[in-house]
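What follows is a short report on a single structure.
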Amino acid sequence: MFNLNKPIPTPKLWGKKKSQQRRSPFFFLSLFLLSLIFLFFLTFTSIPKSLFSSSSSKTTALSLQFPHCEIRISGEKFLWYAPHSGFSNQLSEFKNAVLMAGILNRTLIIPPILSHHAIALGSCPKFRVQSPKEIRVSVWDHVIELITSGRYVSMADIIDISSVLSSSHVRAIDFRVFVSSWCGLDLDLACAKEPNTQPTYLVDSLKQCGLLLSGVDGNIDRCLFSVDDDCRTTVWTYGNDEADGALDSFQPNEQLKKKKKISYVRRRRDVYKTLGPGSKADSATVLAFGTLFTAPYKGSELYIDIQKAPRDSNIQSLIKKIKFLPFVPEIISAGKQFAVQTVKAPFLCAQLRLLDGQFKNHWEATFSDLKQKLDSVSQTVSRPIHVFVMTDLPRGNWTGNYLGDLAKDSTNFKLYFMNEEDSLVMETAKKLALAGHGLRFGSSLGGIESTDTVAKLQKHCAPHILPDILLFIEETICSCGSLGFFGTAGSTIADNIEIMRKFSSCSNQREDHKMM
């Protein structure tokens, strides 16, 4: 039996004394804390310092990585924004961007045309939209996708802005030229002949530059000022008599406030006073907006309410000029060629949007209105009536509706339409790809000429995939319809065609541009 009163000897381990084997609990706690501190140190050294630095240190770090951030020998400052939705909305935003650049005396960064509905804003009337920061990041990511897949088409490749820029003080630069110089990257390397074969480091650097210029890391003194006021809180004005910061007439109602638990207050703010000379924003090289989309709503505007500038003749003139921005000559010529050489007679254009969004629920009303329009035309012209049909409904689905009836009634109607595969469309797309209108808008960044950058981009960055230009040629054809135009109610495409017809786009195009 064991003697319980006799102590049991403790075995010796590695020659250590008993007193060295028995540690205080605080010893193990200290080891644990030291391990945590060491792990944190390793993690901290691997995290970009911009996440922890102050505004001044962020400025220094960014200036080292993007040397054109603060170097402004020419005093040039820039404005970029994040477009969204379909082409008609993007064109509307582009006009607003030209206006804002003119008011704020900044060089406009010309964006690409985004894929249809690749970027969604949301609903301003319902106060449910992406934040400016979110939409800037989304647009930047999509633009990288367009570049790396060879599908990049500049807004200036499609819209002729040369007359606006030459007759006003507005300046512009192609997005690719700006990014190449600003981010310090050979963007022509991103335009690989084989899609999605670009160096990983290049794509990663583009994304990092995009995050910084999107304001994800906050504003950067003298470098970046991101405008985070959107349609939920702000209506931009310019040079009127109302008090800056006055309440807008459209506000969220009490029911919406309770249902969505929101507390937004919309105020009317003068963009020049808020973001112009003397403001913190004015000292930044780049001013970054979110979307610049606006539309009339309940007696006000959703985001921008600058209809006139009586105290500024230059801006007043600019407002008039941007009401209509024509397509480039190649597109206008293609539309006129189809009207003259294919239709060969006076015709009516019918623009029928039937599949997208709200329009798919209004076929009956749309077809009824079209029938009424054709009945009216038939009273004044001989049969058959020539009709150019512009629709998103495939011809295989015309059977059993009014379009199918029109197609079968060859005695009274002769229909015309266009496809993406038509030779006229394909040849025009090739000419646009070779023309490279967008890259003609180079500039100097920080006193450094971008001629070499433009030359490399022109050589390597022509679209590998022919641009989708069917919509633009169809709109031009519709502007040439001498028997009139029928547009789908509520369609922004119809609105754009009406503007083209109002400004006689078909007849006013420069005659010295040869027919294709």
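All residue names refer to the structure tokens as shown: chains lettered A, B, ... in order, residues numbered from 1 in each chain, ligands numbered from 1 in order.
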Point to revise | All residues 12 Å or closer to A:Pro310, only C-alpha atoms, same chain fewer than 4 positions away omitted, as a list in words | key: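 Result of the neighbour search: Tyr238, Gly239, Asn240, Asp241, Ile306, Asn314, Ile315, Gln316, Ser317, Leu318 and Ile319 of chain A.
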File of the preceding selection, all heavy atoms, as a short mmCIF file (atom, residue, chain, number, x, y, z; two decimals), in the first residue's frame:
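Listed below is the output, selection-v1.cif:
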data_model
loop_
_atom_site.label_atom_id
_atom_site.label_comp_id
_atom_site.auth_asym_id
_atom_site.auth_seq_id
_atom_site.Cartn_x
_atom_site.Cartn_y
_atom_site.Cartn_z
N TYR A 238 -27.82 75.44 -61.54
CA TYR A 238 -26.71 76.33 -61.89
C TYR A 238 -27.23 77.74 -62.19
O TYR A 238 -28.10 77.93 -63.04
CB TYR A 238 -25.96 75.81 -63.12
CG TYR A 238 -24.88 76.76 -63.60
CD1 TYR A 238 -23.77 77.05 -62.80
CD2 TYR A 238 -24.97 77.37 -64.85
CE1 TYR A 238 -22.78 77.92 -63.23
CE2 TYR A 238 -23.99 78.24 -65.30
CZ TYR A 238 -22.89 78.51 -64.48
OH TYR A 238 -21.91 79.38 -64.92
N GLY A 239 -26.70 78.69 -61.45
CA GLY A 239 -26.89 80.10 -61.77
C GLY A 239 -28.31 80.61 -61.75
O GLY A 239 -28.64 81.54 -62.49
N ASN A 240 -29.19 80.04 -60.91
CA ASN A 240 -30.54 80.60 -60.84
C ASN A 240 -30.69 81.43 -59.56
O ASN A 240 -29.74 81.60 -58.79
CB ASN A 240 -31.59 79.49 -60.89
CG ASN A 240 -31.36 78.42 -59.85
OD1 ASN A 240 -30.88 78.70 -58.75
ND2 ASN A 240 -31.70 77.17 -60.17
N ASP A 241 -31.86 81.95 -59.35
CA ASP A 241 -32.08 82.89 -58.24
C ASP A 241 -32.48 82.22 -56.93
O ASP A 241 -32.57 82.90 -55.91
CB ASP A 241 -33.18 83.90 -58.64
CG ASP A 241 -32.74 84.78 -59.80
OD1 ASP A 241 -31.54 85.09 -59.85
OD2 ASP A 241 -33.59 85.15 -60.63
N ILE A 306 -30.86 71.82 -64.98
CA ILE A 306 -30.16 72.96 -65.59
C ILE A 306 -30.69 73.10 -67.02
O ILE A 306 -30.15 72.55 -67.97
CB ILE A 306 -28.63 72.75 -65.59
CG1 ILE A 306 -28.13 72.46 -64.17
CG2 ILE A 306 -27.91 73.98 -66.15
CD1 ILE A 306 -26.65 72.12 -64.10
N ASN A 314 -21.94 81.43 -72.42
CA ASN A 314 -21.22 80.25 -72.93
C ASN A 314 -21.97 78.97 -72.57
O ASN A 314 -22.12 78.07 -73.41
CB ASN A 314 -19.81 80.21 -72.34
CG ASN A 314 -18.90 81.27 -72.91
OD1 ASN A 314 -19.06 81.69 -74.06
ND2 ASN A 314 -17.94 81.73 -72.12
N ILE A 315 -22.41 78.88 -71.33
CA ILE A 315 -23.15 77.68 -70.91
C ILE A 315 -24.52 77.64 -71.56
O ILE A 315 -25.01 76.56 -71.94
CB ILE A 315 -23.27 77.62 -69.38
CG1 ILE A 315 -21.88 77.54 -68.75
CG2 ILE A 315 -24.10 76.43 -68.95
CD1 ILE A 315 -21.04 76.36 -69.22
N GLN A 316 -25.15 78.78 -71.74
CA GLN A 316 -26.44 78.81 -72.42
C GLN A 316 -26.30 78.28 -73.84
O GLN A 316 -27.14 77.52 -74.33
CB GLN A 316 -26.99 80.24 -72.44
CG GLN A 316 -28.37 80.38 -73.07
CD GLN A 316 -29.45 79.63 -72.31
OE1 GLN A 316 -29.45 79.61 -71.07
NE2 GLN A 316 -30.37 79.01 -73.03
N SER A 317 -25.22 78.68 -74.50
CA SER A 317 -24.96 78.18 -75.86
C SER A 317 -24.69 76.68 -75.84
O SER A 317 -25.16 75.94 -76.73
CB SER A 317 -23.75 78.92 -76.45
OG SER A 317 -23.40 78.39 -77.70
N LEU A 318 -23.97 76.22 -74.83
CA LEU A 318 -23.66 74.79 -74.73
C LEU A 318 -24.93 73.98 -74.51
O LEU A 318 -25.08 72.89 -75.07
CB LEU A 318 -22.67 74.56 -73.59
CG LEU A 318 -22.18 73.13 -73.36
CD1 LEU A 318 -21.48 72.58 -74.59
CD2 LEU A 318 -21.25 73.06 -72.15
N ILE A 319 -25.84 74.48 -73.70
CA ILE A 319 -27.11 73.79 -73.44
C ILE A 319 -27.87 73.56 -74.75
O ILE A 319 -28.44 72.48 -74.98
CB ILE A 319 -27.97 74.59 -72.44
CG1 ILE A 319 -27.33 74.56 -71.05
CG2 ILE A 319 -29.39 74.02 -72.38
CD1 ILE A 319 -28.00 75.46 -70.04
#
Using only C-alpha atoms, what does the table of stretch 263-350 of chain A residues within 9 Å of stretch 90-94 of chain A look like, with each row giving the shortest atom pair and its distance in Å to one decimal, sorted by chain and ascending number, as JSON lines?
{"residue": "A:Thr291", "atom": "CA", "partner": "A:Glu93", "partner_atom": "CA", "distance": 7.4}
{"residue": "A:Leu292", "atom": "CA", "partner": "A:Glu93", "partner_atom": "CA", "distance": 5.1}
{"residue": "A:Phe293", "atom": "CA", "partner": "A:Glu93", "partner_atom": "CA", "distance": 5.0}
{"residue": "A:Thr294", "atom": "CA", "partner": "A:Glu93", "partner_atom": "CA", "distance": 7.6}
{"residue": "A:Leu325", "atom": "CA", "partner": "A:Leu91", "partner_atom": "CA", "distance": 8.8}
Can you tell me which residues surround A:Val286 at a distance of at most 7 Å, considering only C-alpha atoms, apart from same-chain residues fewer than 2 positions away, and format the answer as a PDB file with N, CA, C and O atoms, in the first residue's frame?
ATOM      1  N   LYS A  77      -7.637  69.548 -65.282  1.00  0.00           N
ATOM      2  CA  LYS A  77      -8.396  68.766 -64.308  1.00  0.00           C
ATOM      3  C   LYS A  77      -9.495  68.015 -65.049  1.00  0.00           C
ATOM      4  O   LYS A  77      -9.959  68.449 -66.102  1.00  0.00           O
ATOM      5  N   PHE A  78      -9.939  66.910 -64.464  1.00  0.00           N
ATOM      6  CA  PHE A  78     -10.777  65.977 -65.199  1.00  0.00           C
ATOM      7  C   PHE A  78     -12.080  65.671 -64.476  1.00  0.00           C
ATOM      8  O   PHE A  78     -12.195  65.814 -63.259  1.00  0.00           O
ATOM      9  N   LEU A  79     -13.052  65.206 -65.267  1.00  0.00           N
ATOM     10  CA  LEU A  79     -14.351  64.783 -64.751  1.00  0.00           C
ATOM     11  C   LEU A  79     -14.670  63.432 -65.351  1.00  0.00           C
ATOM     12  O   LEU A  79     -14.631  63.258 -66.571  1.00  0.00           O
ATOM     13  N   CYS A 223      -6.021  65.253 -55.328  1.00  0.00           N
ATOM     14  CA  CYS A 223      -5.984  64.207 -56.340  1.00  0.00           C
ATOM     15  C   CYS A 223      -7.380  63.789 -56.777  1.00  0.00           C
ATOM     16  O   CYS A 223      -7.711  63.866 -57.949  1.00  0.00           O
ATOM     17  N   LEU A 224      -8.187  63.358 -55.842  1.00  0.00           N
ATOM     18  CA  LEU A 224      -9.510  62.820 -56.167  1.00  0.00           C
ATOM     19  C   LEU A 224     -10.559  63.381 -55.222  1.00  0.00           C
ATOM     20  O   LEU A 224     -10.354  63.423 -54.011  1.00  0.00           O
ATOM     21  N   PHE A 225     -11.670  63.794 -55.809  1.00  0.00           N
ATOM     22  CA  PHE A 225     -12.850  64.134 -55.016  1.00  0.00           C
ATOM     23  C   PHE A 225     -14.021  63.383 -55.615  1.00  0.00           C
ATOM     24  O   PHE A 225     -14.396  63.586 -56.777  1.00  0.00           O
ATOM     25  N   ALA A 284      -9.006  69.135 -56.530  1.00  0.00           N
ATOM     26  CA  ALA A 284      -8.689  67.761 -56.922  1.00  0.00           C
ATOM     27  C   ALA A 284      -8.503  67.649 -58.434  1.00  0.00           C
ATOM     28  O   ALA A 284      -9.254  68.257 -59.208  1.00  0.00           O
ATOM     29  N   ALA A 288     -15.048  62.815 -59.528  1.00  0.00           N
ATOM     30  CA  ALA A 288     -15.735  61.580 -59.924  1.00  0.00           C
ATOM     31  C   ALA A 288     -17.193  61.615 -59.489  1.00  0.00           C
ATOM     32  O   ALA A 288     -17.490  61.613 -58.292  1.00  0.00           O
TER      33      ALA A 288
END
Practice item. Write out as a list in words each polymer residue whose atoms come within 9 Å of A:Asn105, counting only C-alpha atoms; drop sequence neighbours fewer than 5 positions from it. Key: Lys77, Phe78, Met100, His169, Val170, Arg171 and Gly276 of chain A
Practice item. List the neighbours of A:Phe324 out to 10 Å using only C-alpha atoms; skip same-chain residues closer than 3 positions along the sequence, and give me the result as a PyMOL selection string. Key: chain A and resi 95+319-321+327+496+499-500+502-503+505
With N, CA and C atoms kept, could you save the residues just selected as a PDB file, in the first residue's frame?
ATOM      1  N   LYS A  95     -24.590  63.743 -72.459  1.00  0.00           N
ATOM      2  CA  LYS A  95     -24.913  65.161 -72.660  1.00  0.00           C
ATOM      3  C   LYS A  95     -24.789  65.935 -71.348  1.00  0.00           C
ATOM      4  N   ILE A 319     -25.838  74.484 -73.695  1.00  0.00           N
ATOM      5  CA  ILE A 319     -27.111  73.787 -73.441  1.00  0.00           C
ATOM      6  C   ILE A 319     -27.865  73.559 -74.752  1.00  0.00           C
ATOM      7  N   LYS A 320     -27.844  74.545 -75.620  1.00  0.00           N
ATOM      8  CA  LYS A 320     -28.532  74.420 -76.913  1.00  0.00           C
ATOM      9  C   LYS A 320     -27.842  73.394 -77.806  1.00  0.00           C
ATOM     10  N   LYS A 321     -26.504  73.390 -77.778  1.00  0.00           N
ATOM     11  CA  LYS A 321     -25.756  72.511 -78.674  1.00  0.00           C
ATOM     12  C   LYS A 321     -25.919  71.043 -78.313  1.00  0.00           C
ATOM     13  N   PHE A 327     -25.030  61.152 -84.874  1.00  0.00           N
ATOM     14  CA  PHE A 327     -24.144  60.013 -85.054  1.00  0.00           C
ATOM     15  C   PHE A 327     -22.979  60.430 -85.952  1.00  0.00           C
ATOM     16  N   ASN A 496     -35.284  59.507 -78.760  1.00  0.00           N
ATOM     17  CA  ASN A 496     -34.068  59.885 -79.478  1.00  0.00           C
ATOM     18  C   ASN A 496     -34.347  60.072 -80.964  1.00  0.00           C
ATOM     19  N   ILE A 499     -35.983  63.389 -81.586  1.00  0.00           N
ATOM     20  CA  ILE A 499     -35.005  64.483 -81.575  1.00  0.00           C
ATOM     21  C   ILE A 499     -34.256  64.543 -82.904  1.00  0.00           C
ATOM     22  N   MET A 500     -33.870  63.382 -83.423  1.00  0.00           N
ATOM     23  CA  MET A 500     -33.182  63.337 -84.711  1.00  0.00           C
ATOM     24  C   MET A 500     -34.047  63.909 -85.822  1.00  0.00           C
ATOM     25  N   LYS A 502     -36.503  66.057 -85.423  1.00  0.00           N
ATOM     26  CA  LYS A 502     -36.693  67.484 -85.162  1.00  0.00           C
ATOM     27  C   LYS A 502     -35.535  68.301 -85.704  1.00  0.00           C
ATOM     28  N   PHE A 503     -34.321  67.763 -85.588  1.00  0.00           N
ATOM     29  CA  PHE A 503     -33.136  68.470 -86.054  1.00  0.00           C
ATOM     30  C   PHE A 503     -32.731  68.059 -87.469  1.00  0.00           C
ATOM     31  N   SER A 505     -31.846  65.291 -88.952  1.00  0.00           N
ATOM     32  CA  SER A 505     -30.571  64.579 -88.985  1.00  0.00           C
ATOM     33  C   SER A 505     -30.290  63.962 -90.347  1.00  0.00           C
TER      34      SER A 505
END
Check your understanding: Mind checking DSSP for stretch 254-407 of chain A and telling me the helix (DSSP H, G or I) residues as a ChimeraX atom specification?
Key -> /A:254-260,271-275,281-283,313-321,329-343,357-361,363-378,395-397,402-407
Please tabulate, as CSV, the residues of stretch 376-422 of chain A that come within 10 Å of stretch 473-489 of chain A, each with its closest pair of atoms and the distance in Å to one decimal, counting only C-alpha atoms and ordering rows by chain, then residue number upward.
residue,atom,partner,partner_atom,distance
A:Val377,CA,A:Leu483,CA,7.4
A:Thr380,CA,A:Leu483,CA,9.7
A:Val381,CA,A:Leu483,CA,8.9
A:Ile385,CA,A:Leu483,CA,9.2
A:His386,CA,A:Leu483,CA,8.8
A:Val387,CA,A:Gly481,CA,8.7
A:Phe388,CA,A:Cys478,CA,7.5
A:Val389,CA,A:Cys478,CA,8.9
A:Met390,CA,A:Glu474,CA,6.6
A:Thr391,CA,A:Glu474,CA,9.6
A:Phe417,CA,A:Glu474,CA,8.6
A:Met418,CA,A:Glu474,CA,7.5
A:Asn419,CA,A:Glu474,CA,9.7
Exercise for review: Quote the spacing between atom CA of A:Asp409 and atom CA of A:Arg383 in Å to one decimal place.
Suggested key: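 Going from atom CA of A:Asp409 over to atom CA of A:Arg383 covers 11.0 Å.
Computed from the coordinates, the atom CA of A:Arg353 to atom CA of A:Asp392 distance equals 5.9 Å.
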Check your understanding: atom CA of A:Gln379 to atom CA of A:Thr342: how many Å, to one decimal?
Key ->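 Atom-to-atom, atom CA of A:Gln379 to atom CA of A:Thr342, that is 24.4 Å.
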Review point. Stretch 75-138 of chain A: which residues are strand (DSSP E or B) by DSSP, as a count of residues only?
Key: 12
Revision key, fill the gap. Nearest to A:Gln358, restricted to only C-alpha atoms and choosing among A:Pro277, A:Pro252, A:Gly290, A:Gly490, comes out as A:Gly490
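Using only C-alpha atoms, the shortest contact distance between A:Asp282 and any of A:Lys323, A:Arg222, A:Arg128, A:Lys431 is found at A:Arg222.
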Practice item. With a distance cut-off of 12 Å and only C-alpha atoms, select the neighbouring residues of A:Gly404, excluding the residue or stretch itself and same-chain residues fewer than 4 positions from it, and output the selection as a PyMOL selection string. Key: chain A and resi 367+389+393-400+408-410+413+415
Practice item. Determine the nearest neighbour of A:Asp244 from the options A:Thr492, A:Thr274, A:Ser115, A:Ser378, counting only C-alpha atoms. Key: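 Closest residue, counting only C-alpha atoms: A:Thr274.
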